[in-house]
Structure formats: C-alpha cells, structure tokens
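Engineer: This is final-v5.txt (compact mmCIF, C-alpha atoms).
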```txt
# COMPACT_ATOMS: atom_id res chain seq x y z
CA MET A 1 -11.90 4.79 -23.15
CA SER A 2 -14.51 7.27 -21.95
CA ALA A 3 -14.75 7.99 -18.25
CA PRO A 4 -17.51 6.10 -16.41
CA ARG A 5 -20.57 8.18 -15.60
CA ARG A 6 -22.22 8.39 -12.23
CA SER A 7 -25.12 6.01 -11.75
CA SER A 8 -28.44 7.49 -12.85
CA SER A 9 -30.12 6.11 -9.77
CA GLY A 10 -27.64 7.78 -7.44
CA PRO A 11 -26.21 6.20 -4.31
CA ARG A 12 -28.30 3.27 -3.22
CA GLY A 13 -29.11 2.77 0.41
CA ARG A 14 -27.99 -0.38 2.13
CA THR A 15 -29.18 -1.85 5.39
CA GLN A 16 -28.36 0.73 8.02
CA GLY A 17 -26.37 -0.23 11.08
CA GLN A 18 -24.61 -3.21 9.51
CA ASN A 19 -20.83 -3.22 9.25
CA VAL A 20 -18.32 -5.41 7.52
CA GLY A 21 -16.21 -7.18 10.09
CA SER A 22 -16.31 -6.43 13.78
CA GLY A 23 -14.59 -4.19 16.29
CA SER A 24 -11.75 -2.13 14.88
CA ASN A 25 -11.99 -4.01 11.58
CA SER A 26 -15.45 -2.71 10.71
CA TYR A 27 -14.63 -1.26 7.32
CA ILE A 28 -17.90 -0.26 5.69
CA SER A 29 -20.91 1.36 7.27
CA ARG A 30 -23.87 0.53 5.03
CA SER A 31 -25.74 3.77 5.52
CA THR A 32 -27.63 5.93 3.08
CA ASP A 33 -25.73 9.07 4.07
CA ALA A 34 -22.39 7.79 2.78
CA SER A 35 -20.26 10.35 1.06
CA GLN A 36 -20.72 10.80 -2.68
CA GLY A 37 -18.20 11.22 -5.49
CA HIS A 38 -15.05 9.66 -6.81
CA ALA A 39 -13.00 8.87 -3.69
CA SER A 40 -14.48 11.90 -2.01
CA SER A 41 -12.58 11.88 1.28
CA GLN A 42 -8.92 12.56 0.65
CA PRO A 43 -6.70 9.77 2.00
CA GLU A 44 -3.65 10.69 3.99
CA ARG A 45 -0.29 10.77 2.23
CA SER A 46 1.37 8.38 4.70
CA ARG A 47 0.76 5.35 2.48
CA ARG A 48 2.99 6.62 -0.34
CA TRP A 49 6.61 5.56 -0.57
CA PRO A 50 8.93 8.27 0.83
CA LEU A 51 11.13 10.06 -1.69
CA ALA A 52 9.96 7.76 -4.48
CA ARG A 53 10.77 8.72 -8.07
CA ASP A 54 7.12 8.23 -8.92
CA ASP A 55 4.24 7.69 -6.50
CA MET A 56 2.84 4.99 -8.78
CA LEU A 57 6.10 3.00 -8.87
CA VAL A 58 6.61 0.40 -6.14
CA PRO A 59 10.27 0.07 -5.06
CA VAL A 60 11.04 -3.65 -4.93
CA THR A 61 13.82 -6.20 -4.69
CA VAL A 62 13.96 -9.37 -6.77
CA LYS A 63 13.02 -11.37 -3.68
CA MET A 64 9.91 -9.25 -3.15
CA LEU A 65 8.76 -10.00 -6.70
CA GLY A 66 9.13 -13.70 -6.03
CA ASP A 67 7.41 -13.58 -2.64
CA ALA A 68 3.80 -14.67 -3.02
CA SER A 69 2.89 -13.00 0.28
CA VAL A 70 3.70 -9.56 -1.13
CA ARG A 71 1.18 -8.27 -3.67
CA THR A 72 3.59 -6.55 -6.03
CA VAL A 73 3.36 -8.76 -9.12
CA ASP A 74 0.48 -6.90 -10.74
CA GLY A 75 0.53 -5.76 -14.32
CA ASN A 76 -1.32 -2.58 -13.31
CA CYS A 77 1.34 -1.62 -10.80
CA PRO A 78 4.75 -0.82 -12.29
CA VAL A 79 7.82 -1.34 -10.14
CA THR A 80 11.30 0.08 -9.87
CA LEU A 81 14.44 -1.96 -9.20
CA VAL A 82 18.12 -1.12 -8.71
CA ALA A 83 20.55 -3.92 -9.54
CA ARG A 84 23.55 -5.01 -11.58
CA LEU A 85 22.94 -5.67 -15.28
CA ILE A 86 24.36 -9.04 -16.36
CA THR A 87 24.13 -11.58 -19.20
CA PRO A 88 22.62 -9.31 -21.89
CA SER A 89 21.46 -10.57 -25.28
CA ALA A 90 19.94 -8.67 -28.20
CA THR A 91 17.44 -9.71 -30.87
CA GLY A 92 15.98 -7.78 -33.76
CA ASN A 93 13.44 -5.81 -31.73
CA SER A 94 14.30 -6.42 -28.08
CA TYR A 95 17.12 -6.45 -25.57
CA ARG A 96 17.05 -9.06 -22.82
CA PHE A 97 19.19 -9.00 -19.70
CA VAL A 98 19.29 -10.30 -16.15
CA LEU A 99 19.25 -8.11 -13.04
CA ASP A 100 21.06 -9.20 -9.86
CA ASP A 101 20.43 -7.10 -6.74
CA GLY A 102 21.90 -9.48 -4.17
CA THR A 103 18.50 -10.92 -3.20
CA GLY A 104 18.05 -12.85 -6.44
CA ARG A 105 18.02 -12.59 -10.22
CA ILE A 106 15.25 -11.71 -12.65
CA VAL A 107 15.00 -11.68 -16.45
CA CYS A 108 14.07 -8.33 -18.02
CA THR A 109 13.04 -7.51 -21.58
CA TYR A 110 13.29 -4.07 -23.18
CA TRP A 111 11.33 -3.80 -26.43
CA PHE A 112 12.66 -1.28 -28.94
CA ALA A 113 9.28 -1.00 -30.67
CA GLY A 114 7.33 1.84 -29.08
CA HIS A 115 10.44 3.37 -27.52
CA GLY A 116 11.47 5.43 -30.54
CA GLY A 117 14.11 2.89 -31.53
CA ASP A 118 16.22 3.92 -28.53
CA ASN A 119 19.02 1.37 -28.25
CA ARG A 120 21.20 3.29 -25.79
CA VAL A 121 20.38 0.67 -23.17
CA MET A 122 22.67 -1.67 -25.13
CA ASN A 123 25.60 0.65 -24.39
CA ILE A 124 25.41 0.16 -20.61
CA PRO A 125 28.49 -1.86 -19.53
CA VAL A 126 27.82 -5.34 -18.19
CA GLY A 127 28.10 -5.37 -14.41
CA ASP A 128 27.05 -1.74 -13.92
CA TYR A 129 24.22 -0.81 -11.58
CA VAL A 130 21.06 0.40 -13.31
CA ASP A 131 17.73 1.86 -12.25
CA VAL A 132 14.99 -0.08 -14.03
CA SER A 133 11.28 0.71 -14.18
CA GLY A 134 8.81 -1.68 -15.73
CA ARG A 135 5.76 -3.84 -15.42
CA PRO A 136 6.14 -7.18 -13.61
CA ASP A 137 4.70 -10.34 -15.06
CA VAL A 138 4.86 -14.07 -14.41
CA ASN A 139 6.11 -16.45 -17.08
CA SER A 140 5.97 -20.18 -16.25
CA ASN A 141 5.62 -19.30 -12.54
CA THR A 142 8.75 -17.15 -12.75
CA PRO A 143 8.59 -13.37 -12.25
CA THR A 144 9.84 -11.26 -15.17
CA ILE A 145 9.86 -7.53 -15.96
CA THR A 146 8.90 -5.76 -19.18
CA VAL A 147 11.15 -2.70 -19.04
CA PHE A 148 10.16 0.79 -20.16
CA SER A 149 13.09 2.64 -18.55
CA CYS A 150 16.67 1.56 -17.87
CA ARG A 151 19.41 4.00 -16.96
CA PRO A 152 22.83 3.69 -15.28
CA ILE A 153 23.04 5.19 -11.80
CA ALA A 154 26.75 6.11 -11.90
CA PRO A 155 28.15 8.32 -10.49
CA ASP A 156 25.30 8.63 -7.93
CA PHE A 157 25.96 5.38 -6.04
CA ASP A 158 24.02 6.68 -3.02
CA HIS A 159 21.01 5.79 -5.15
CA ILE A 160 21.60 2.12 -4.30
CA THR A 161 21.26 2.79 -0.57
CA LEU A 162 18.25 5.03 -1.12
CA HIS A 163 16.47 2.39 -3.17
CA PHE A 164 16.96 -0.35 -0.57
CA LEU A 165 15.66 1.94 2.17
CA GLN A 166 12.57 2.57 0.04
CA THR A 167 12.04 -1.16 -0.49
CA ILE A 168 12.14 -1.76 3.28
CA TYR A 169 9.45 0.88 3.77
CA ALA A 170 7.38 -0.50 0.90
CA TYR A 171 7.64 -4.10 2.15
CA LEU A 172 6.52 -3.17 5.67
CA ASP A 173 3.73 -1.00 4.29
CA LEU A 174 2.43 -3.83 2.13
CA GLN A 175 2.05 -6.05 5.18
CA ARG A 176 -0.48 -3.70 6.74
CA PRO A 177 -4.15 -3.70 5.80
CA PRO A 178 -5.32 -0.71 3.75
CA PRO A 179 -6.80 2.23 5.70
CA GLU A 180 -10.47 1.93 6.54
CA THR A 181 -11.08 5.29 4.87
CA LEU A 182 -9.76 3.93 1.57
CA VAL A 183 -11.94 0.81 1.73
CA THR A 184 -14.94 3.02 2.41
CA ASP A 185 -14.04 5.30 -0.50
CA MET A 186 -13.78 2.33 -2.86
CA TYR A 187 -17.19 1.06 -1.75
CA ASN A 188 -18.78 4.50 -2.20
CA LEU A 189 -17.17 4.85 -5.61
CA LEU A 190 -18.64 1.57 -6.87
CA ARG A 191 -22.02 2.35 -5.36
CA ASP A 192 -22.16 5.87 -6.82
CA TYR A 193 -21.04 4.99 -10.35
CA LEU A 194 -22.64 1.60 -10.88
CA ASP A 195 -26.01 -0.10 -10.91
CA THR A 196 -26.35 -3.81 -10.23
CA GLY A 197 -25.58 -5.65 -13.45
CA ASP A 198 -23.33 -2.94 -14.92
CA GLU A 199 -20.14 -4.17 -16.54
CA GLY A 200 -17.94 -2.63 -13.86
CA LEU A 201 -15.26 0.01 -13.43
CA PRO A 202 -11.74 -0.60 -14.79
CA PHE A 203 -9.11 -0.84 -12.09
CA SER A 204 -6.90 1.64 -13.93
CA TRP A 205 -9.68 4.24 -13.83
CA ILE A 206 -10.43 3.61 -10.16
CA CYS A 207 -6.80 4.41 -9.34
CA THR A 208 -7.03 7.84 -10.96
CA GLY A 209 -9.19 9.13 -8.10
CA THR A 210 -6.83 8.36 -5.23
CA SER A 211 -3.30 9.26 -4.20
CA PHE A 212 -2.67 5.76 -2.88
CA ASN A 213 -0.38 3.35 -4.69
CA HIS A 214 -2.07 0.81 -6.96
CA VAL A 215 -1.11 -2.07 -4.67
CA ILE A 216 -2.87 -0.50 -1.68
CA VAL A 217 -5.96 0.26 -3.79
CA ARG A 218 -6.04 -3.33 -5.01
CA ARG A 219 -5.97 -4.66 -1.45
CA ALA A 220 -8.82 -2.35 -0.44
CA LEU A 221 -10.93 -3.67 -3.33
CA ASP A 222 -9.98 -7.25 -2.42
CA ILE A 223 -11.52 -6.65 1.01
CA LEU A 224 -14.79 -5.60 -0.61
CA VAL A 225 -14.77 -8.71 -2.79
CA SER A 226 -14.02 -10.98 0.18
CA HIS A 227 -17.04 -9.52 2.02
CA GLU A 228 -19.23 -9.91 -1.09
CA LEU A 229 -19.71 -6.16 -1.38
CA ALA A 230 -18.10 -6.16 -4.83
CA THR A 231 -17.29 -8.61 -7.61
CA TYR A 232 -14.15 -8.84 -9.71
CA ASP A 233 -13.69 -9.81 -13.35
CA PRO A 234 -10.01 -10.82 -13.76
CA ALA A 235 -10.29 -11.07 -17.54
CA GLU A 236 -11.33 -7.41 -17.85
CA ASP A 237 -9.71 -6.24 -14.60
CA LYS A 238 -12.98 -4.58 -13.59
CA TYR A 239 -14.88 -4.27 -10.31
CA SER A 240 -18.65 -4.13 -10.07
CA LEU A 241 -21.53 -4.51 -7.65
CA PRO A 242 -22.76 -8.00 -6.75
```
Using structure tokens, write down the structure from this file.
Structural biologist:
Amino acid sequence: MSAPRRSSSGPRGRTQGQNVGSGSNSYISRSTDASQGHASSQPERSRRWPLARDDMLVPVTVKMLGDASVRTVDGNCPVTLVARLITPSATGNSYRFVLDDGTGRIVCTYWFAGHGGDNRVMNIPVGDYVDVSGRPDVNSNTPTITVFSCRPIAPDFDHITLHFLQTIYAYLDLQRPPPETLVTDMYNLLRDYLDTGDEGLPFSWICTGTSFNHVIVRRALDILVSHELATYDPAEDKYSLP
C-alpha cells in the first residue's frame, strides 16, 4: 500500500475560537495556524509501557482481554501474555492450546503456515510458563489469541513478576484519557492529508507517525469521532473527515 499523500488543498481553516469540550477537556483548537505534518509535535514517552519487550505490544492478563471496559481487544494492537500452557492439541497446520495466568483462561492458536514450518512450540512441556505474543480476536463473544510467538520463560522466572507489573501499569494507563497533544496531532494529521470525501487514512498507517501505543492512538481518534470531527469506517479500519 502506498503512503497517503498530503492534501493538495493544504490544511483547511476551521472556525477560529471554537474548542471541543470545555475547560480542561478542550482538546482541539479549530484555528488556521494549527501545526502541519504527520503528528508534528512529538508526544512524550510517558504513555509507553515501561521496560516492554516491544513498544507496540500491550502487556495484558486474560482478565484484561475479557474486560469490555479495557480497549485491548483490537486486531491492530498485538498483545503479550505470560501464563501456563495447558491442554494442547495439534492439527495438520496449527497448534491450539490454552493459557492460564491465574486471572482466567484463553484459547490460543499458532498456525504453522507462514512461520517457516516451525513446530518447536509443540516441544514445550505442558504446565510450563510461556511468553506469548499475538493478535487478540473475539470468537462467539469469547476472546482468543492468534499467536505469532511462543517461547518458554525458564529459567528466567523473574519474567513472570515483571510481566504482571507491566500489566498493572498498562491497565491504569488505559483508564486515562489520551493526552490532548495526541488528539490534536490526530486531528491535524487528518486535516492535512485528507479532503472531505476522501476514502480515509488506514489506522495502521496513522500509527506509524507516533510513538504512542496503538490503543492510546485509537482512543484519541475515538474522541474525534465522538465530537464529529472525524468519521470511522470499521470495515476498512480507516478514518476520514466528515
């Protein structure tokens, strides 16, 4: 997919002096002198998970994935989970197992196709703790994970404690609204790259211009949609101007 090009008409002026929200929650100043460029003002690093293996992986527990109030179940936002591997079963091209981290259980599927035929995951002893990375999904209202990495953590069992500390930080962080600077950057990005009626910017591309986790970016865009400053196409996972 080619990168979106900046709008030929340039940033469009909005009604000056009007803000979204009121008081400290005034997110967007609709002025013509808004900054230009792809997420031009650099967001602070404080909204990344500390010591995470990957800034784009959200550390979660099974309970967090099943909690509707926590926006982690998002196919564009991969997660990482540390838990015991139990009840495995293998088919011709996949390996299915259950993870139990003490907060609940979740079914995971590792597809051999596309992973170079790597079946070493099948050699992990049942009951061992593993570090799993994958994309969450919902099947019949039940969270599941499509796994792209599964490795045993032994002998580094401190990794269990580290992971749960990271999930606490991530859970608390997800309860806070996104920074106002990020919401403003998302608005300026849409305004600078799109004209009214354009098909929209893919969410995956929007995330390439910010150091924030995908979940935080999604919540910032949701604020724009809720204030009718942007529209969202769930089928294409694209955001555009109203």
Engineer: Kindly indicate which residue among A:Gln166, A:Ser133, A:Ser226, A:Thr231 lies nearest to Val147 (chain A), using only C-alpha atoms for the distances.
Structural biologist: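 Going through A:Gln166, A:Ser133, A:Ser226, A:Thr231 one by one, the smallest distance to Val147 (chain A) is for A:Ser133.
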Engineer: Taking all atoms listed in the file into account, which of A:Leu201, A:Leu194, A:Leu174, A:Val107 comes nearest Asp237 (chain A)?
Structural biologist: A:Leu201
Engineer: Have a look at CA of Ala235 (chain A) and CA of Ser140 (chain A) and let me know their distance in Å, one decimal.
Structural biologist: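 Atom-to-atom, CA of Ala235 (chain A) and CA of Ser140 (chain A) are spaced 18.7 Å apart.
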Engineer: Could you please determine the separation between CA of Cys77 (chain A) and CA of Ile216 (chain A) in Å, to one decimal place?
Structural biologist: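 Between CA of Cys77 (chain A) and CA of Ile216 (chain A) the gap works out to 10.1 Å.
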Engineer: Write out as an mmCIF file with C-alpha atoms, in the coordinates of the input which residues come within 10 Å of region 85-97 of chain A when counting only C-alpha atoms, dropping same-chain ones fewer than 4 positions away.
Structural biologist:
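Contents of part38.cif, as written:
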```
data_model
loop_
_atom_site.group_PDB
_atom_site.id
_atom_site.type_symbol
_atom_site.label_atom_id
_atom_site.label_comp_id
_atom_site.auth_asym_id
_atom_site.auth_seq_id
_atom_site.Cartn_x
_atom_site.Cartn_y
_atom_site.Cartn_z
ATOM 1 C CA ASP A 101 20.430 -7.100 -6.740
ATOM 2 C CA ARG A 105 18.020 -12.590 -10.220
ATOM 3 C CA ILE A 106 15.250 -11.710 -12.650
ATOM 4 C CA VAL A 107 15.000 -11.680 -16.450
ATOM 5 C CA CYS A 108 14.070 -8.330 -18.020
ATOM 6 C CA THR A 109 13.040 -7.510 -21.580
ATOM 7 C CA TYR A 110 13.290 -4.070 -23.180
ATOM 8 C CA TRP A 111 11.330 -3.800 -26.430
ATOM 9 C CA PHE A 112 12.660 -1.280 -28.940
ATOM 10 C CA ALA A 113 9.280 -1.000 -30.670
ATOM 11 C CA GLY A 117 14.110 2.890 -31.530
ATOM 12 C CA ASN A 119 19.020 1.370 -28.250
ATOM 13 C CA VAL A 121 20.380 0.670 -23.170
ATOM 14 C CA MET A 122 22.670 -1.670 -25.130
ATOM 15 C CA ILE A 124 25.410 0.160 -20.610
ATOM 16 C CA PRO A 125 28.490 -1.860 -19.530
ATOM 17 C CA VAL A 126 27.820 -5.340 -18.190
ATOM 18 C CA GLY A 127 28.100 -5.370 -14.410
ATOM 19 C CA ASP A 128 27.050 -1.740 -13.920
ATOM 20 C CA TYR A 129 24.220 -0.810 -11.580
ATOM 21 C CA VAL A 130 21.060 0.400 -13.310
ATOM 22 C CA ASP A 131 17.730 1.860 -12.250
ATOM 23 C CA VAL A 132 14.990 -0.080 -14.030
ATOM 24 C CA THR A 146 8.900 -5.760 -19.180
ATOM 25 C CA VAL A 147 11.150 -2.700 -19.040
ATOM 26 C CA CYS A 150 16.670 1.560 -17.870
ATOM 27 C CA PRO A 152 22.830 3.690 -15.280
#
```
Engineer: What is the distance, in Å and to one decimal place, between CA of Ser240 (chain A) and CA of Asp198 (chain A)?
Structural biologist: 6.8 Å
Engineer: With a distance cut-off of 12 Å and only C-alpha atoms, select the neighbouring residues of Ile206 (chain A), excluding the residue or stretch itself and same-chain residues fewer than 4 positions from it, and output the selection as an MDAnalysis selection string.
Structural biologist: chainID A and resid 3:4 37:39 76 182 185:190 193 200:202 210:214 217:218 220:221 237:240
Engineer: What lies within 8 Å of region 154-165 of chain A using all atoms listed in the file, ignoring chain neighbours under 6 positions off, as a PyMOL selection string?
Structural biologist: chain A and resi 59+61+81-82+129
Engineer: Under the rule that only C-alpha atoms are counted, which of A:Tyr232, A:Gly66, A:Val225, A:Pro178 is the nearest residue to Asn139 (chain A)?
Structural biologist: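 Result for the nearest residue to Asn139 (chain A): A:Gly66.
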